[in-house]
>>> print(open('input18.csv').read())   # CSV, C-alpha atoms
chain,number,residue,atom,x,y,z
I,1,MET,CA,111.9,-9.0,-93.5
I,2,GLY,CA,113.4,-8.2,-90.1
I,3,VAL,CA,115.7,-10.7,-88.6
I,4,PHE,CA,114.4,-12.2,-85.4
I,5,SER,CA,116.6,-14.3,-83.1
I,6,ALA,CA,115.2,-16.6,-80.4
I,7,ASP,CA,118.1,-15.4,-78.3
I,8,THR,CA,116.0,-12.4,-77.3
I,9,GLY,CA,114.0,-14.6,-74.9
I,10,HIS,CA,110.7,-13.5,-76.3
I,11,GLU,CA,107.8,-16.0,-76.1
I,12,GLN,CA,106.1,-14.7,-79.3
I,13,VAL,CA,106.5,-12.1,-82.0
I,14,VAL,CA,103.7,-11.6,-84.5
I,15,PHE,CA,104.0,-9.7,-87.8
I,16,CYS,CA,100.6,-8.2,-88.8
I,17,GLN,CA,99.7,-6.8,-92.2
I,18,ASP,CA,96.5,-5.6,-93.8
I,19,ARG,CA,97.2,-4.2,-97.3
I,20,ALA,CA,93.8,-2.6,-97.8
I,21,SER,CA,94.2,-0.3,-94.7
I,22,GLY,CA,97.9,0.0,-95.0
I,23,LEU,CA,98.5,-1.6,-91.6
I,24,LYS,CA,102.0,-2.9,-90.9
I,25,ALA,CA,102.4,-3.8,-87.2
I,26,ILE,CA,104.5,-6.0,-85.0
I,27,ILE,CA,103.4,-7.4,-81.6
I,28,GLY,CA,106.0,-8.6,-79.2
I,29,VAL,CA,105.2,-10.8,-76.2
I,30,TYR,CA,108.3,-11.1,-74.0
I,31,SER,CA,106.8,-12.9,-71.0
I,32,THR,CA,103.5,-14.1,-69.6
I,33,ALA,CA,105.1,-15.6,-66.4
I,34,LEU,CA,103.1,-13.2,-64.2
I,35,GLY,CA,100.0,-13.0,-66.4
I,36,PRO,CA,98.8,-11.6,-69.8
I,37,ALA,CA,101.4,-9.4,-71.5
I,38,LEU,CA,100.5,-5.7,-71.2
I,39,GLY,CA,102.1,-2.9,-73.1
I,40,GLY,CA,101.2,0.1,-75.4
I,41,THR,CA,101.0,0.5,-79.1
I,42,ARG,CA,103.7,2.8,-80.6
I,43,PHE,CA,102.7,4.4,-84.0
I,44,TYR,CA,106.0,5.7,-85.5
I,45,PRO,CA,107.5,6.2,-89.0
I,46,TYR,CA,110.5,3.9,-88.6
I,47,ALA,CA,113.2,4.1,-91.2
I,48,SER,CA,113.1,0.3,-91.8
I,49,GLU,CA,111.4,-2.9,-90.7
I,50,GLU,CA,114.6,-3.8,-88.8
I,51,GLU,CA,114.3,-0.6,-86.8
I,52,ALA,CA,110.7,-1.3,-86.0
I,53,LEU,CA,111.5,-4.9,-84.9
I,54,HIS,CA,114.4,-3.8,-82.7
I,55,ASP,CA,112.1,-1.2,-81.0
I,56,VAL,CA,109.3,-3.7,-80.3
I,57,LEU,CA,111.7,-6.3,-78.9
I,58,GLU,CA,113.4,-3.8,-76.6
I,59,LEU,CA,110.1,-2.2,-75.5
I,60,SER,CA,108.3,-5.5,-74.8
I,61,ARG,CA,111.2,-6.8,-72.7
I,62,GLY,CA,111.2,-3.5,-70.8
I,63,MET,CA,107.4,-3.8,-70.1
I,64,ALA,CA,107.9,-7.3,-68.5
I,65,TYR,CA,110.4,-5.8,-66.1
I,66,LYS,CA,108.3,-2.7,-65.5
I,67,ASN,CA,105.1,-4.6,-64.8
I,68,ALA,CA,107.0,-7.0,-62.4
I,69,LEU,CA,108.5,-4.1,-60.4
I,70,ALA,CA,105.1,-2.3,-60.3
I,71,GLY,CA,103.7,-5.3,-58.5
I,72,LEU,CA,101.3,-6.1,-61.3
I,73,ASP,CA,100.1,-9.6,-62.1
I,74,LEU,CA,100.9,-8.9,-65.8
I,75,GLY,CA,103.6,-9.9,-68.2
I,76,GLY,CA,105.3,-7.7,-70.7
I,77,GLY,CA,104.4,-7.0,-74.3
I,78,LYS,CA,104.5,-4.1,-76.8
I,79,ALA,CA,103.3,-3.4,-80.3
I,80,VAL,CA,104.5,-1.0,-83.0
I,81,ILE,CA,102.6,0.2,-86.0
I,82,TRP,CA,105.0,1.2,-88.8
I,83,GLY,CA,103.8,4.5,-90.3
I,84,ASP,CA,103.2,8.2,-89.8
I,85,PRO,CA,100.4,8.6,-87.3
I,86,VAL,CA,99.5,12.0,-88.8
I,87,ARG,CA,99.2,10.8,-92.3
I,88,ASP,CA,98.5,7.0,-92.1
I,89,LYS,CA,96.2,6.6,-89.1
I,90,THR,CA,92.6,5.7,-90.1
I,91,GLU,CA,89.6,4.0,-88.5
I,92,ALA,CA,90.1,1.0,-90.8
I,93,LEU,CA,93.8,0.7,-89.9
I,94,LEU,CA,93.2,0.8,-86.2
I,95,ARG,CA,90.3,-1.6,-86.4
I,96,ALA,CA,92.4,-4.0,-88.5
I,97,TYR,CA,95.1,-3.8,-85.8
I,98,GLY,CA,92.4,-4.5,-83.1
I,99,ARG,CA,91.5,-7.7,-84.9
I,100,PHE,CA,95.1,-8.9,-84.8
I,101,VAL,CA,95.2,-8.1,-81.0
I,102,GLN,CA,92.0,-10.1,-80.6
I,103,SER,CA,93.5,-13.0,-82.5
I,104,LEU,CA,96.0,-13.5,-79.6
I,105,ASN,CA,93.0,-14.2,-77.4
I,106,GLY,CA,94.2,-12.4,-74.3
I,107,ARG,CA,97.9,-13.2,-74.4
I,108,TYR,CA,98.4,-9.5,-75.1
I,109,TRP,CA,96.6,-6.4,-73.8
I,110,THR,CA,97.3,-3.1,-75.6
I,111,ALA,CA,97.1,0.5,-74.6
I,112,CYS,CA,98.5,4.0,-75.7
I,113,ASP,CA,102.1,4.9,-76.4
I,114,VAL,CA,103.9,7.3,-78.6
I,115,GLY,CA,101.7,8.3,-81.5
I,116,THR,CA,98.5,6.8,-80.1
I,117,TYR,CA,95.9,8.3,-77.8
I,118,VAL,CA,92.8,7.3,-75.8
I,119,GLN,CA,90.6,8.0,-78.8
I,120,ASP,CA,92.6,5.5,-80.8
I,121,MET,CA,92.1,2.9,-78.1
I,122,ASP,CA,88.4,3.5,-78.3
I,123,VAL,CA,88.5,2.6,-82.0
I,124,VAL,CA,90.7,-0.4,-81.4
I,125,SER,CA,88.3,-1.6,-78.7
I,126,ARG,CA,85.6,-2.0,-81.3
I,127,GLU,CA,87.4,-5.1,-82.6
I,128,THR,CA,89.0,-6.4,-79.4
I,129,ARG,CA,88.2,-6.6,-75.7
I,130,PHE,CA,91.9,-6.8,-74.8
I,131,VAL,CA,92.5,-3.1,-74.8
I,132,THR,CA,92.9,-0.6,-72.0
I,133,GLY,CA,93.7,3.1,-71.8
I,134,ARG,CA,90.4,4.1,-73.3
I,135,SER,CA,88.5,7.3,-72.8
I,136,VAL,CA,86.3,8.0,-69.8
I,137,GLU,CA,83.3,8.2,-72.1
I,138,HIS,CA,84.0,4.6,-73.2
I,139,GLY,CA,84.4,3.3,-69.7
I,140,GLY,CA,88.2,3.7,-69.5
I,141,ALA,CA,90.7,5.5,-67.3
I,142,GLY,CA,91.5,8.3,-69.7
I,143,ASP,CA,95.0,9.8,-70.1
I,144,SER,CA,97.6,7.6,-68.5
I,145,SER,CA,100.2,10.4,-68.8
I,146,ILE,CA,98.7,11.8,-65.5
I,147,LEU,CA,99.9,9.0,-63.4
I,148,THR,CA,103.0,8.4,-65.4
I,149,ALA,CA,104.1,11.9,-64.5
I,150,TRP,CA,103.1,11.4,-60.9
I,151,GLY,CA,105.2,8.2,-60.7
I,152,VAL,CA,108.2,9.9,-62.2
I,153,PHE,CA,107.9,12.6,-59.6
I,154,GLN,CA,107.8,10.0,-56.9
I,155,GLY,CA,110.9,8.3,-58.3
I,156,MET,CA,112.7,11.6,-58.5
I,157,ARG,CA,111.8,12.3,-54.9
I,158,ALA,CA,113.3,9.0,-53.9
I,159,ALA,CA,116.5,9.7,-55.9
I,160,ALA,CA,116.8,13.2,-54.3
I,161,GLU,CA,116.5,11.7,-50.8
I,162,HIS,CA,119.1,9.1,-51.6
I,163,ARG,CA,121.5,11.7,-53.0
I,164,TRP,CA,120.8,14.7,-50.8
I,165,GLY,CA,119.0,13.4,-47.8
I,166,SER,CA,115.6,15.1,-48.5
I,167,PRO,CA,112.7,13.9,-50.8
I,168,SER,CA,111.9,17.5,-51.7
I,169,LEU,CA,112.9,19.1,-55.0
I,170,ARG,CA,112.5,22.6,-53.5
I,171,GLY,CA,115.2,24.9,-54.7
I,172,ARG,CA,116.6,22.2,-57.1
I,173,ARG,CA,117.1,23.0,-60.8
I,174,VAL,CA,115.4,20.3,-62.9
I,175,GLY,CA,115.8,20.0,-66.6
I,176,ILE,CA,113.0,18.4,-68.6
I,177,ALA,CA,113.6,17.2,-72.2
I,178,GLY,CA,110.1,17.0,-73.7
I,179,LEU,CA,107.0,18.9,-72.7
I,180,GLY,CA,104.6,16.4,-74.3
I,181,LYS,CA,102.0,14.2,-72.7
I,182,VAL,CA,104.1,13.4,-69.6
I,183,GLY,CA,106.5,16.3,-69.4
I,184,LYS,CA,103.9,18.9,-69.0
I,185,TYR,CA,102.4,17.2,-65.9
I,186,LEU,CA,105.8,16.5,-64.4
I,187,ALA,CA,106.7,20.2,-64.8
I,188,GLY,CA,103.5,21.1,-62.8
I,189,HIS,CA,104.4,18.7,-59.9
I,190,LEU,CA,108.0,20.1,-59.8
I,191,LEU,CA,106.9,23.7,-59.7
I,192,GLU,CA,104.3,22.9,-57.0
I,193,ASP,CA,107.1,21.3,-55.0
I,194,GLY,CA,109.2,24.5,-55.3
I,195,ALA,CA,111.7,23.3,-57.9
I,196,GLU,CA,113.2,25.5,-60.7
I,197,VAL,CA,112.3,24.0,-64.1
I,198,VAL,CA,114.4,24.3,-67.3
I,199,ALA,CA,112.9,22.7,-70.4
I,200,THR,CA,113.1,22.2,-74.1
I,201,ASP,CA,110.9,20.7,-76.8
I,202,PRO,CA,111.1,20.8,-80.6
I,203,SER,CA,107.3,21.4,-80.8
I,204,GLU,CA,106.3,25.0,-81.1
I,205,ALA,CA,102.9,24.1,-79.6
I,206,ALA,CA,104.6,22.7,-76.5
I,207,ILE,CA,106.8,25.8,-76.1
I,208,ALA,CA,103.7,28.0,-76.5
I,209,TRP,CA,101.9,26.0,-73.9
I,210,ALA,CA,104.8,26.4,-71.4
I,211,ARG,CA,105.0,30.1,-72.0
I,212,GLN,CA,101.3,30.5,-71.4
I,213,THR,CA,100.7,28.0,-68.6
I,214,HIS,CA,104.0,28.2,-66.6
I,215,PRO,CA,105.9,31.4,-67.6
I,216,GLN,CA,108.4,30.7,-64.8
I,217,ILE,CA,109.8,27.8,-66.7
I,218,THR,CA,113.2,28.6,-68.3
I,219,LEU,CA,113.1,27.5,-72.0
I,220,VAL,CA,116.3,26.6,-73.9
I,221,GLY,CA,116.9,25.8,-77.6
I,222,ASP,CA,117.6,22.1,-77.6
I,223,VAL,CA,118.6,19.1,-75.5
I,224,GLN,CA,122.3,19.8,-75.9
I,225,GLU,CA,121.8,23.2,-74.3
I,226,LEU,CA,119.7,21.7,-71.6
I,227,ILE,CA,122.1,18.9,-70.5
I,228,THR,CA,125.1,21.3,-70.5
I,229,SER,CA,123.2,24.0,-68.5
I,230,ASP,CA,123.4,24.3,-64.7
I,231,ILE,CA,120.8,21.6,-63.8
I,232,GLU,CA,120.9,19.2,-60.8
I,233,VAL,CA,118.3,16.7,-62.1
I,234,TYR,CA,117.8,15.6,-65.7
I,235,ALA,CA,114.4,14.3,-66.8
I,236,PRO,CA,114.3,12.8,-70.3
I,237,CYS,CA,110.7,12.7,-71.3
I,238,ALA,CA,110.8,12.1,-75.0
I,239,LEU,CA,112.1,9.1,-77.0
I,240,GLY,CA,114.8,6.6,-75.8
I,241,GLY,CA,118.5,6.6,-76.0
I,242,ALA,CA,118.9,10.0,-74.2
I,243,LEU,CA,121.9,8.7,-72.2
I,244,ASN,CA,124.7,7.8,-74.6
I,245,ASP,CA,128.4,8.2,-75.2
I,246,ASP,CA,128.0,11.8,-76.3
I,247,SER,CA,125.5,13.1,-73.7
I,248,VAL,CA,126.7,11.5,-70.5
I,249,PRO,CA,130.2,13.1,-70.5
I,250,VAL,CA,128.8,16.6,-70.8
I,251,LEU,CA,125.7,16.1,-68.5
I,252,ARG,CA,125.8,18.5,-65.6
I,253,ALA,CA,123.0,16.9,-63.5
I,254,GLN,CA,123.7,14.7,-60.5
I,255,ILE,CA,120.5,12.7,-60.9
I,256,VAL,CA,118.7,11.3,-64.0
I,257,ALA,CA,115.0,10.5,-63.5
I,258,GLY,CA,112.7,10.7,-66.4
I,259,ALA,CA,109.7,9.3,-68.3
I,260,ALA,CA,111.3,8.2,-71.5
I,261,ASN,CA,111.7,4.4,-72.2
I,262,ASN,CA,115.1,2.8,-72.9
I,263,GLN,CA,117.1,5.8,-71.8
I,264,LEU,CA,120.4,3.9,-71.8
I,265,ALA,CA,121.6,3.8,-75.4
I,266,HIS,CA,123.6,0.6,-74.6
I,267,PRO,CA,124.6,-1.3,-71.4
I,268,GLY,CA,128.0,0.5,-71.2
I,269,VAL,CA,126.3,3.8,-70.4
I,270,GLU,CA,125.7,2.6,-66.9
I,271,LYS,CA,129.4,2.5,-66.3
I,272,LEU,CA,129.8,6.0,-67.7
I,273,LEU,CA,127.1,7.3,-65.3
I,274,ALA,CA,128.8,5.6,-62.3
I,275,GLU,CA,132.2,7.0,-63.2
I,276,ARG,CA,130.8,10.5,-63.3
I,277,GLY,CA,128.9,10.0,-60.0
I,278,ILE,CA,125.5,10.5,-61.7
I,279,LEU,CA,122.6,8.7,-59.9
I,280,TYR,CA,120.3,7.0,-62.4
I,281,ALA,CA,116.8,6.1,-61.4
I,282,PRO,CA,115.9,3.3,-63.8
I,283,ASP,CA,113.4,4.5,-66.4
I,284,TYR,CA,111.1,1.4,-66.3
I,285,VAL,CA,110.8,1.8,-62.5
I,286,VAL,CA,110.0,5.5,-62.3
I,287,ASN,CA,107.8,5.7,-65.4
I,288,ALA,CA,105.5,2.8,-64.4
I,289,GLY,CA,102.6,5.0,-63.3
I,290,GLY,CA,101.0,4.9,-66.7
I,291,VAL,CA,100.9,1.1,-66.8
I,292,ILE,CA,99.6,1.0,-63.3
I,293,GLN,CA,96.8,3.2,-64.4
I,294,VAL,CA,95.8,1.2,-67.5
I,295,ALA,CA,96.2,-2.0,-65.6
I,296,ASP,CA,93.8,-0.8,-63.0
I,297,GLU,CA,91.3,-0.2,-65.7
I,298,ILE,CA,91.2,-3.9,-66.4
I,299,GLU,CA,89.6,-4.6,-63.0
I,300,GLY,CA,87.3,-1.5,-63.1
I,301,PHE,CA,89.1,1.8,-62.9
I,302,ASN,CA,89.4,3.7,-59.6
I,303,PHE,CA,91.7,6.8,-59.9
I,304,ASP,CA,92.4,7.0,-56.1
I,305,ARG,CA,93.4,3.3,-55.9
I,306,ALA,CA,95.6,3.7,-59.0
I,307,LYS,CA,97.3,6.9,-57.7
I,308,LEU,CA,98.0,5.2,-54.4
I,309,ARG,CA,99.7,2.3,-56.3
I,310,ALA,CA,101.7,4.8,-58.4
I,311,THR,CA,102.8,6.6,-55.3
I,312,LYS,CA,104.5,3.4,-54.2
I,313,ILE,CA,107.1,4.0,-57.0
I,314,TYR,CA,108.8,6.2,-54.4
I,315,THR,CA,109.3,3.2,-52.1
I,316,THR,CA,110.3,0.9,-54.9
I,317,THR,CA,112.9,3.3,-56.2
I,318,LYS,CA,114.4,3.8,-52.7
I,319,GLN,CA,114.6,0.0,-52.3
I,320,ILE,CA,116.4,-0.3,-55.7
I,321,LEU,CA,118.9,2.4,-54.9
I,322,GLU,CA,119.7,1.0,-51.5
I,323,LEU,CA,120.1,-2.5,-53.0
I,324,ALA,CA,122.5,-1.2,-55.6
I,325,ASP,CA,124.7,0.4,-52.9
I,326,ALA,CA,124.6,-2.8,-50.8
I,327,GLU,CA,125.5,-5.1,-53.6
I,328,GLY,CA,127.9,-2.7,-55.4
I,329,VAL,CA,126.0,-2.7,-58.7
I,330,SER,CA,124.3,-0.1,-60.8
I,331,PRO,CA,120.7,0.8,-60.1
I,332,ALA,CA,119.7,-0.7,-63.4
I,333,THR,CA,121.3,-4.0,-62.5
I,334,ALA,CA,119.6,-3.9,-59.0
I,335,ALA,CA,116.2,-3.2,-60.6
I,336,ASP,CA,116.7,-6.1,-63.1
I,337,ARG,CA,117.5,-8.5,-60.3
I,338,LEU,CA,114.4,-7.6,-58.4
I,339,ALA,CA,112.2,-7.9,-61.5
I,340,GLU,CA,113.8,-11.2,-62.5
I,341,ARG,CA,113.4,-12.6,-59.0
I,342,ARG,CA,109.7,-11.8,-58.9
I,343,MET,CA,109.1,-13.2,-62.4
I,344,ALA,CA,110.8,-16.4,-61.4
I,345,GLU,CA,109.3,-16.8,-57.9
I,346,VAL,CA,105.8,-15.9,-58.7
I,347,GLY,CA,105.8,-17.2,-62.2
I,348,ARG,CA,106.8,-20.6,-60.9
I,349,LEU,CA,103.5,-20.9,-59.1
I,350,GLN,CA,101.8,-21.6,-62.4
I,351,THR,CA,103.4,-25.1,-62.2
I,352,ILE,CA,101.0,-25.8,-59.3
I,353,ARG,CA,98.1,-27.1,-61.4
I,354,LEU,CA,94.6,-26.0,-60.4
I,355,PRO,CA,91.4,-28.0,-61.2
I,356,ARG,CA,89.5,-26.6,-64.2
>>> encode(input="input18.csv", output="structure tokens")
Amino acid sequence: MGVFSADTGHEQVVFCQDRASGLKAIIGVYSTALGPALGGTRFYPYASEEEALHDVLELSRGMAYKNALAGLDLGGGKAVIWGDPVRDKTEALLRAYGRFVQSLNGRYWTACDVGTYVQDMDVVSRETRFVTGRSVEHGGAGDSSILTAWGVFQGMRAAAEHRWGSPSLRGRRVGIAGLGKVGKYLAGHLLEDGAEVVATDPSEAAIAWARQTHPQITLVGDVQELITSDIEVYAPCALGGALNDDSVPVLRAQIVAGAANNQLAHPGVEKLLAERGILYAPDYVVNAGGVIQVADEIEGFNFDRAKLRATKIYTTTKQILELADAEGVSPATAADRLAERRMAEVGRLQTIRLPR
């Protein structure tokens, strides 16, 4: 059994198991100060239960901060299903998971994440109404990667303006680690803006897609080759921990702005980035486009409205980078302060009791 400490600050952590379907899942609710906790379901073959628990605790906390800075009236939560999505995912397992989500009676809304897709949310929704990120055919918003990539692009533009005085990436060399659900859309936005794109992905299918769709993308063998190449912006778009004690000292880029969650391997990485003069656009700020999209689905999805909200990531990122300079702190610390301020100030309003 994983070790859980109340020191993490989480409101609720639920371990879910259904032996018949093979379901082993953990749902983490970090905060409901701003509203029901919203966050995706990650389906991943963790090495241990401790690793799965660590991931859900980190991800759910990050969602609380992300939702707060995105201006949403939603708290932060996340779920992980421990298993191989290719081998273990079945209708019975997903529906069993849906019943556990329903048992929380709206304290947690789920959506897609690594290893889960809109079609999976359609199945989960057969057992719970507290699910978003469904397919268009089932009344949902469809692929949230579209607005995730749009938001990352907006955050990158803000970082470029902060560093170089112009919000355009034209002529800049941008390195993308991961051409999956988000990375491929981000590459399209960058190419359209006139940037040069260098990319890597371990998936042969992703590489084949890049060669066929955007032959102008320069492909390199792995992430190490990418970060040590002559790039000006680095966009981690795969799993977390991309910025660590090994990668930051050799990173050639002047800006980091990507879609991956939890890019800082540990808090000390912020200092390493600052010492090297690398501007970091906090991941949970710039990658909030997806959660903005699925949150919009809750009130009846309108793509234009959701895209307009995601475009504001540009303004939020600028505000954070300017605050960081003004207060002499890292961008991540400035973002945390803004998120915590909103959770405290708006969350406090719940103490004003309303008649039932």
>>> residues_around(input="input18.csv", residues="Arg126 (chain I)", least_positions_apart="2", cutoff="10 Å", atoms="all atoms listed in the file", output="list in words")
Leu94, Arg95, Gly98, Arg99, Met121, Asp122, Val123, Val124, Thr128, Arg129 and Val131 of chain I
>>> residues_around(input="input18.csv", residues="Gly240 (chain I)", least_positions_apart="6", cutoff="12 Å", atoms="only C-alpha atoms", output="MDAnalysis selection string")
chainID I and resid 55 58:59 62 114 177:178 258:266 283:284
>>> write_last_selection(input="input18.csv", atoms="C-alpha atoms", output="short mmCIF file (atom, residue, chain, number, x, y, z; two decimals), keeping the file's coordinate frame")
data_model
loop_
_atom_site.label_atom_id
_atom_site.label_comp_id
_atom_site.auth_asym_id
_atom_site.auth_seq_id
_atom_site.Cartn_x
_atom_site.Cartn_y
_atom_site.Cartn_z
CA ASP I 55 112.10 -1.20 -81.00
CA GLU I 58 113.40 -3.80 -76.60
CA LEU I 59 110.10 -2.20 -75.50
CA GLY I 62 111.20 -3.50 -70.80
CA VAL I 114 103.90 7.30 -78.60
CA ALA I 177 113.60 17.20 -72.20
CA GLY I 178 110.10 17.00 -73.70
CA GLY I 258 112.70 10.70 -66.40
CA ALA I 259 109.70 9.30 -68.30
CA ALA I 260 111.30 8.20 -71.50
CA ASN I 261 111.70 4.40 -72.20
CA ASN I 262 115.10 2.80 -72.90
CA GLN I 263 117.10 5.80 -71.80
CA LEU I 264 120.40 3.90 -71.80
CA ALA I 265 121.60 3.80 -75.40
CA HIS I 266 123.60 0.60 -74.60
CA ASP I 283 113.40 4.50 -66.40
CA TYR I 284 111.10 1.40 -66.30
#
>>> atom_distance(input="input18.csv", atom1="CA of Arg107 (chain I)", atom2="CA of Gln350 (chain I)")
15.2 Å
>>> residues_around(input="input18.csv", residues="Leu72 (chain I)", least_positions_apart="6", cutoff="8 Å", atoms="all atoms listed in the file", output="ChimeraX atom specification")
/I:34,292,295
>>> write_last_selection(input="input18.csv", atoms="C-alpha atoms", output="PDB file, in the coordinates of the input")
ATOM      1  CA  LEU I  34     103.100 -13.200 -64.200  1.00  0.00           C
ATOM      2  CA  ILE I 292      99.600   1.000 -63.300  1.00  0.00           C
ATOM      3  CA  ALA I 295      96.200  -2.000 -65.600  1.00  0.00           C
TER       4      ALA I 295
END
>>> residues_around(input="input18.csv", residues="region 228-233 of chain I", least_positions_apart="2", cutoff="9 Å", atoms="all atoms listed in the file", output="list of chain:residue names")
I:Met156, I:Ala160, I:Arg172, I:Arg173, I:Val174, I:Gly175, I:Ile176, I:Val197, I:Val198, I:Val223, I:Gln224, I:Glu225, I:Leu226, I:Ala235, I:Ser247, I:Val250, I:Leu251, I:Arg252, I:Ala253, I:Gln254, I:Ile255, I:Val256, I:Ala257
